[in-house]
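Each remark here refers to the structure printed beneath this line.
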Amino acid sequence: MNKSNPAGQEATGKAALAERFRAEWESVLIHLDTARLSADRDSVHYLRVGIRQIMAHLSLIGSSESSRLHSVLKTWMKKPGEIRDIQVQRKIISQFGSEFPVLADFDEFLAQEEKLLCKISWLPSRKTVNLTDSAMKLVIPEIEKSQISGDYASWNRQLISVLQNMTKGFNKVQFNKPKTLHDFRLVVKHSKYTCFVLNEKHPVDPWVLEKLTDWQKKLGKIQDYDVLVENLNRFLSERKDPKKQVATVLDFFHQKQAEAIDQFRLLTKT
């Protein structure tokens with residue numbers, strides 16, 4: 001490439017972003033087909049990751065059509081998210097079945113819920129997917145015209161905006177309230193995927209991406225225990241187990257969640 005040609009460099013950068021968008025969207029379509037065959041843990045996970053990557057692209061474009069498509073994909077995330085939550089809960093409690101025999105019944109309860117969710121239409125219809133696919137192809141020219149891959153100053157403003165949103169979210173966190181930690185996790189997750197898109201043109205400091213990834217994992221663990229305790233409470237309330245046994249199981253998972261919160265608190269100080 002001719003280094004004396006900034007316009008050519010910018011065009012190449014924009015083409016790379018558009019090509020990445022195309023490739024990621026094609027990947028989502030493949031993951032949708034895979035998930036239709038089996039709602040196993042991997043297929044659900046990879047589908048959700050792929051959709052989030054596309055949503056990050058759409059958020060940076062900021063047009064009315066990209067916003068509409070972002071909302072469409074957000075609805076696609078709902079049912080796979082519910083299935084994913086149950087699958088993670090089953091994975092967690094499988095580690096403690098020998099300590100608490102009641103968890104075997106709880107696992108069966110979750111298995112039935114997972115089966116029920118997978119029976120209903122948890123994925124968009126093929127007609128909806130085809131219409132969305134057509135709309136996605138119309139968005140690609142917007143990526144090629146966008147400022148995402150413009151000069152460094154434009155890119156830097158995007159990154160600063162992302163990190164400012166993350167900082168505002170962190171300032172609202174109350175460590176004794178998992179709900180605020182969950183809200184912050186959404187901000188961190190969005191920040192991470194946005195940085196991945198921006199990283200295509202101007203590499204983000206690896207430390208930033210590593211920090212965002214670590215925070216997302218730790219916050220995800222807290223959220224997983226939060227949903228687990230909620231469902232376990234619902235399950236135990238319908239049974240006649242001794243109160244002491246019920247309290248012991250719940251206290252155990254509350255403690256696990258508290259440990260996860262402490263781990264995140266320490267992580268934010270490093």
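Naming scheme: A, B, ... for chains in displayed order of the structure tokens; residues 1 onward per chain; ligands 1 onward as shown.
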Could you give me, as a list of chain:residue names, the residues within 12 Å of Val129 of chain A, counting only C-alpha atoms and dropping anything in the same chain fewer than 5 positions from it?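 Final neighbour list, sorted by chain and number: A:Trp25, A:Glu26, A:Val28, A:Leu29, A:Ile30, A:Leu32, A:Asp33, A:Leu69, A:Val72, A:Leu73, A:Trp76, A:Leu123, A:Pro124, A:Ser134, A:Ala135, A:Met136.
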Contacts of segment 85-98 of chain A within 7 Å, only C-alpha atoms, excl. fewer than 2 positions in-chain, as a PyMOL selection string: chain A and resi 41+81-83+100-101+103-104+107+110+114+224+228
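Across A:Ser63, A:Gln255, A:Thr268, A:Asn171, the tightest approach to Gln216 of chain A is made by A:Thr268 when counting only C-alpha atoms.
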With a distance cut-off of 12 Å and only C-alpha atoms, select the neighbouring residues of Lys168 of chain A, excluding the residue or stretch itself and same-chain residues fewer than 5 positions from it, and output the selection as a PyMOL selection string. chain A and resi 161-163+173+183-184+187-188
Can you spit out the residues from that selection as a compact mmCIF listing (two decimals), in the first residue's frame, using N, CA and C atoms?
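File written: out-v6.txt
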# COMPACT_ATOMS: atom_id res chain seq x y z
N SER A 161 -15.60 7.38 24.80
CA SER A 161 -17.03 7.33 25.12
C SER A 161 -17.40 5.99 25.76
N VAL A 162 -16.86 4.92 25.19
CA VAL A 162 -17.12 3.58 25.74
C VAL A 162 -16.63 3.47 27.19
N LEU A 163 -15.40 3.91 27.41
CA LEU A 163 -14.81 3.78 28.75
C LEU A 163 -15.48 4.73 29.75
N VAL A 173 -22.19 1.00 41.13
CA VAL A 173 -22.17 -0.36 41.67
C VAL A 173 -22.23 -0.35 43.19
N ASP A 183 -26.16 -5.00 36.19
CA ASP A 183 -26.28 -3.86 35.27
C ASP A 183 -24.91 -3.43 34.77
N PHE A 184 -23.93 -3.43 35.67
CA PHE A 184 -22.59 -3.05 35.28
C PHE A 184 -21.98 -4.09 34.33
N VAL A 187 -22.78 -3.27 30.87
CA VAL A 187 -21.95 -2.17 30.37
C VAL A 187 -20.57 -2.69 29.98
N VAL A 188 -19.99 -3.54 30.84
CA VAL A 188 -18.67 -4.12 30.57
C VAL A 188 -18.71 -4.97 29.30
DSSP on the backbone: what in segment 53-222 of chain A comes out alpha helix (DSSP H), as JSON, numbers by chain? {"A": [53, 54, 55, 56, 57, 58, 59, 60, 61, 64, 65, 66, 67, 68, 69, 70, 71, 72, 73, 74, 75, 76, 77, 78, 79, 80, 81, 82, 83, 84, 85, 86, 87, 88, 89, 90, 91, 92, 93, 102, 103, 104, 105, 106, 107, 108, 109, 110, 111, 112, 113, 114, 115, 116, 117, 118, 119, 126, 127, 128, 129, 130, 131, 132, 133, 134, 135, 136, 137, 138, 139, 140, 141, 142, 143, 144, 145, 152, 153, 154, 155, 156, 157, 158, 159, 160, 161, 162, 163, 164, 165, 166, 167, 168, 169, 170, 171, 178, 179, 180, 181, 182, 183, 184, 185, 186, 187, 188, 189, 190, 191, 192, 193, 194, 195, 196, 197, 198, 206, 207, 208, 209, 210, 211, 212, 213, 214, 215, 216, 217, 218, 219, 220, 221, 222]}
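Ranking A:Ala39, A:Val246, A:Leu186, A:Leu159 by their shortest atom-to-atom distance to Leu117 of chain A, with only C-alpha atoms included, puts A:Ala39 first.
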Any idea what the distance is between atom CA of Ile54 of chain A and atom CA of Lys137 of chain A?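 If I compute the distance from atom CA of Ile54 of chain A to atom CA of Lys137 of chain A, I get 12.4 Å.
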Applying 10 Å and only C-alpha atoms, which residues near Asn233 of chain A remain after dropping the ones on its own chain fewer than 5 positions away? List them as a ChimeraX atom specification. /A:227-228,238,246-247,249-250
Next, write the just-selected residues to a file, as a short mmCIF file (atom, residue, chain, number, x, y, z; two decimals), in the first residue's frame, keeping C-alpha atoms as the atom set.
data_model
loop_
_atom_site.label_atom_id
_atom_site.label_comp_id
_atom_site.auth_asym_id
_atom_site.auth_seq_id
_atom_site.Cartn_x
_atom_site.Cartn_y
_atom_site.Cartn_z
CA VAL A 227 -30.18 -16.70 39.07
CA LEU A 228 -29.35 -20.07 40.65
CA GLU A 238 -42.74 -26.19 46.58
CA VAL A 246 -33.29 -25.97 52.98
CA ALA A 247 -31.47 -23.23 54.89
CA VAL A 249 -28.38 -25.41 50.83
CA LEU A 250 -29.39 -21.79 50.34
#
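In this model, the gap between atom CA of Ser191 of chain A and atom CA of Lys79 of chain A comes to 22.9 Å.
The coordinates place atom CA of Gln112 of chain A at 24.0 Å from atom CA of Pro242 of chain A.
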Find the residue from A:Thr132, A:Gln223, A:Ser38, A:Ser59 that sits nearest to Leu198 of chain A; use only C-alpha atoms when measuring. A:Ser59
Distance criterion (only C-alpha atoms): nearest to Arg185 of chain A out of A:Ala56, A:Pro203, A:Lys127, A:Phe264: A:Phe264
Pick from A:Lys145, A:Pro80, A:Gln53, A:Gln257: nearest to Ile120 of chain A, with only C-alpha atoms counted?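 Closest candidate: A:Pro80.
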